[in-house]
Amino acid sequence: MATLDDHPADLFCTGYRLRKATRRATQIYDHALAPHGLTVTQYSLLAMLARDGEMPLGALAERVGMDRTSMSRTIRPLLKAGHVAMAGTKDDRRVRKVALTGDGGAIFTEASRAWQAAQQLMGRALGRENLESLHGLLGAVARLPVSP
């Protein structure tokens with residue numbers, strides 16, 4: 001049976017190539033973080049909260065480029081595990097703020113070594129110069145408007 005990979009490379013759009021690369025990168029980081037019970041997406045949320053502190057759930061979603069539904073689904077296991085806490089604000093109970101707990105800070109610190117190992121693997125595989133170029137290109141893609 002023919003697969004997409006059997007077709008000439010020029011048929012593949014940038015979106016396909018980005019998705020394929022993203023899936024592989026996610027697998028690498030998820031594999032490294034699995035012993036800590038985290039996915040790379042969950043680790044990224046913990047990292048953001050460790051760096052920036054408590055913030056509204058909507059602001060956290062916006063910073064990591066997620067819609068609110070995806071954010072709720074992603075943060076649910078972190079809440080259940082006690083890594084983050086969420087509560088309404090004094091001014092507006094509808095605004096939910098999320099914060100890293102002591103346990104969340106500890107698991108983030110512990111998992112950071114595994115994340116660093118995955119980061120180093122990517123660096124060795126791509127080389128420093130290519131990795132820096134990739135980061136620049138991905139940043140440019142992330143800043144593109146959704147519609148022209």
# chains A, B, ... in the order shown; residues from 1 in each chain; ligands from 1
call {"tool": "residues_around", "arguments": {"residues": "segment 110-123 of chain A", "least_positions_apart": "4", "cutoff": "6 Å", "atoms": "only C-alpha atoms", "output": "list in words"}}
result
Tyr29, Ala32, Leu33, Gly127 and Arg128 of chain A
call {"tool": "residues_around", "arguments": {"residues": "segment 69-78 of chain A", "least_positions_apart": "6", "cutoff": "9 Å", "atoms": "only C-alpha atoms", "output": "mmCIF file with N, CA and C atoms, in the first residue's frame"}}
result
data_model
loop_
_atom_site.group_PDB
_atom_site.id
_atom_site.type_symbol
_atom_site.label_atom_id
_atom_site.label_comp_id
_atom_site.auth_asym_id
_atom_site.auth_seq_id
_atom_site.Cartn_x
_atom_site.Cartn_y
_atom_site.Cartn_z
ATOM 1 N N LEU A 38 5.056 13.048 33.114
ATOM 2 C CA LEU A 38 4.723 14.272 32.387
ATOM 3 C C LEU A 38 4.870 14.091 30.887
ATOM 4 N N THR A 41 4.171 18.817 26.803
ATOM 5 C CA THR A 41 3.214 19.919 26.913
ATOM 6 C C THR A 41 2.974 20.268 28.379
ATOM 7 N N GLN A 42 2.788 19.265 29.217
ATOM 8 C CA GLN A 42 2.593 19.508 30.643
ATOM 9 C C GLN A 42 3.849 20.121 31.262
ATOM 10 N N LEU A 45 3.987 23.779 30.580
ATOM 11 C CA LEU A 45 3.096 24.557 31.446
ATOM 12 C C LEU A 45 3.724 24.764 32.824
ATOM 13 N N LEU A 46 4.323 23.702 33.371
ATOM 14 C CA LEU A 46 4.998 23.831 34.661
ATOM 15 C C LEU A 46 6.150 24.828 34.564
ATOM 16 N N LEU A 57 -5.849 31.318 33.766
ATOM 17 C CA LEU A 57 -5.785 30.174 32.859
ATOM 18 C C LEU A 57 -5.762 30.626 31.402
ATOM 19 N N GLY A 58 -6.567 31.624 31.063
ATOM 20 C CA GLY A 58 -6.604 32.134 29.691
ATOM 21 C C GLY A 58 -5.275 32.722 29.258
ATOM 22 N N LEU A 60 -2.301 31.833 30.428
ATOM 23 C CA LEU A 60 -1.390 30.705 30.253
ATOM 24 C C LEU A 60 -1.630 30.049 28.898
ATOM 25 N N ALA A 61 -2.899 29.847 28.549
ATOM 26 C CA ALA A 61 -3.244 29.255 27.253
ATOM 27 C C ALA A 61 -2.698 30.105 26.113
ATOM 28 N N VAL A 84 -0.373 21.537 40.178
ATOM 29 C CA VAL A 84 -0.858 22.914 40.063
ATOM 30 C C VAL A 84 -2.150 23.031 40.866
ATOM 31 N N ALA A 85 -2.485 24.257 41.225
ATOM 32 C CA ALA A 85 -3.744 24.547 41.915
ATOM 33 C C ALA A 85 -4.447 25.649 41.140
ATOM 34 N N GLY A 104 4.447 20.537 42.547
ATOM 35 C CA GLY A 104 4.677 20.834 41.135
ATOM 36 C C GLY A 104 6.058 21.402 40.895
#
call {"tool": "atom_distance", "arguments": {"atom1": "atom CA of Ala142 of chain A", "atom2": "atom CA of Ala47 of chain A"}}
result
19.1 Å
call {"tool": "select_by_dssp", "arguments": {"residues": "segment 18-141 of chain A", "states": "strand (DSSP E or B)", "output": "PyMOL selection string"}}
result
chain A and resi 55-56+84-88+96-100
